[in-house]
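Enquirer: Have a look at the structure that comes next, please.
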Amino acid sequence: MNVSSPNVTVVLQNRDSFTKALTKNMIVVIISISINYIYAGLIFTFCKHQIFYTNPRYILFIHLVINDMTQVTLTVILFIISYTIYKLSVSVCCIILLALFTTENTPLNLASMAVECYIAICLPLRHVQICTISRTLMLIGLIWATSMLSVLPDLFVTLATEPLDFFHSRVFCLRQTVFPHPLIIRKRDLSYAVFLVIVLFVIIFVYFRILFTAKTASRDAKKARNTVVLHGFQLLLSTASYATPQLKDALQHWFPENYSDSLFAYYIIVQILPRSISPIIYGIRDKTFRRYLKRYLLCTRSFHKP
């Protein structure tokens, strides 16, 4: 079966020069190493102090960190493969499944963190009863289950409709080449639209409820409002992944001669940039986390236990 698409064809026809390809890969690798270094510090800080791993807010945050660390690592591997090995066996390309899981987890996790923030500010007396550790872990399980229910049908439909030879063929590792059936594309567009509406509704609802509370409440409420604004910005970038097919088609239409450069900018803005915001929200703005994190990132040995 022909698994090519207009986007793939354009990429094949406009491959970067060696110098440009090397520059792009160096930029991506340096950024990913920097982000993962900070993420490793966040994870180490979280695991070392009970004040964090007994708090539902920080549990949701560290899940986001681990999820995004996995996502960054996988997408960087796929990015480098696209320039070096270039084409892989379809069965090997199925690593894209885990990258898809983690990509779809991010907006759901951010929406969950915004809701927790809303409960803490607007329902403070019920926060302890609602936001327990067990419920937080159940919520994380629900996030993964939702992403799997969105992505795994792609694999099942492909297994049922494609001949065995297809899984031994070599393709450019993209979702539409690994899972090419038209039904999958329609299902993907529908599920993305549903996710986008739900997640945006949650973040807008939470922001305005906290905004009204912050007008008459404490400084903590105003700080929570600012946190939700940052979540909203991060979420806006993350939900751009829900419009990936439309955005790529638009880039191909607007910049046909520089399509590969446009895809690179898209990758940095949509896949990498949102992952650099999490450390700002909790690693820098949160006083408690910042106090412990600074010691690990600066490799200092002397610190006080909480």
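Quick note on naming: the chains in the structure tokens go A, B, ... in the order shown, residues restart at 1 in each chain, and ligands are numbered from 1 in order of appearance.
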Do a neighbour search on Ile30 in chain A at 12 Å with only C-alpha atoms, toss out local chain neighbours closer than 4 positions, and write the hits as a PyMOL selection string.
Expert: chain A and resi 23-26+34-37+72-73+76+272
Enquirer: Counting only C-alpha atoms, what is within 7 Å of Met113 in chain A, bar same-chain residues fewer than 4 positions away, as number ranges by chain?
Expert: A: 57, 60, 109, 117
Enquirer: Using DSSP secondary structure from the backbone, list all strand (DSSP E or B) positions within range 15-247 of chain A, as JSON, numbers by chain.
Expert: {"A": [88, 89, 170, 171]}
Enquirer: For Ile119 in chain A, please output as a PyMOL selection string all residues within 10 Å (counting only C-alpha atoms; exclusion window: fewer than 5 positions along the same chain).
Expert: chain A and resi 113-114+124-128+130-131+206+210
Enquirer: Could you dump the residues just selected with N, CA, C and O atoms as a tab-separated table (two decimals), in the first residue's frame?
Expert:
chain	number	residue	atom	x	y	z
A	113	MET	N	-4.18	19.73	36.89
A	113	MET	CA	-3.46	20.60	37.82
A	113	MET	C	-4.21	21.91	38.02
A	113	MET	O	-4.25	22.47	39.12
A	114	ALA	N	-4.84	22.42	36.95
A	114	ALA	CA	-5.62	23.64	37.07
A	114	ALA	C	-6.84	23.42	37.96
A	114	ALA	O	-7.20	24.29	38.77
A	124	PRO	N	-11.35	25.70	49.76
A	124	PRO	CA	-10.22	25.33	50.63
A	124	PRO	C	-10.59	24.37	51.74
A	124	PRO	O	-9.77	23.54	52.14
A	125	LEU	N	-11.83	24.44	52.25
A	125	LEU	CA	-12.23	23.58	53.36
A	125	LEU	C	-12.43	22.13	52.91
A	125	LEU	O	-12.38	21.21	53.74
A	126	ARG	N	-12.64	21.93	51.63
A	126	ARG	CA	-12.87	20.58	51.12
A	126	ARG	C	-11.66	20.03	50.36
A	126	ARG	O	-11.69	18.91	49.87
A	127	HIS	N	-10.61	20.83	50.28
A	127	HIS	CA	-9.44	20.43	49.49
A	127	HIS	C	-8.82	19.14	50.00
A	127	HIS	O	-8.47	18.25	49.22
A	128	VAL	N	-8.67	19.03	51.31
A	128	VAL	CA	-8.03	17.85	51.89
A	128	VAL	C	-8.85	16.60	51.62
A	128	VAL	O	-8.31	15.52	51.36
A	130	ILE	N	-11.08	16.17	49.06
A	130	ILE	CA	-11.20	15.89	47.63
A	130	ILE	C	-9.87	15.45	47.03
A	130	ILE	O	-9.79	14.46	46.30
A	131	CYS	N	-8.83	16.18	47.34
A	131	CYS	CA	-7.51	15.94	46.71
A	131	CYS	C	-6.65	15.07	47.61
A	131	CYS	O	-5.73	15.55	48.28
A	206	VAL	N	-11.80	27.44	35.14
A	206	VAL	CA	-10.96	27.55	36.34
A	206	VAL	C	-10.36	28.94	36.47
A	206	VAL	O	-10.36	29.53	37.56
A	210	ILE	N	-11.13	31.46	39.67
A	210	ILE	CA	-10.03	31.93	40.52
A	210	ILE	C	-9.88	33.44	40.41
A	210	ILE	O	-9.58	34.12	41.40
Enquirer: Taking only C-alpha atoms into account, name the residue in A:Ser262, A:Ser191, A:Thr70, A:Ser134 that is nearest to Ala250 in chain A.
Expert: A:Ser262
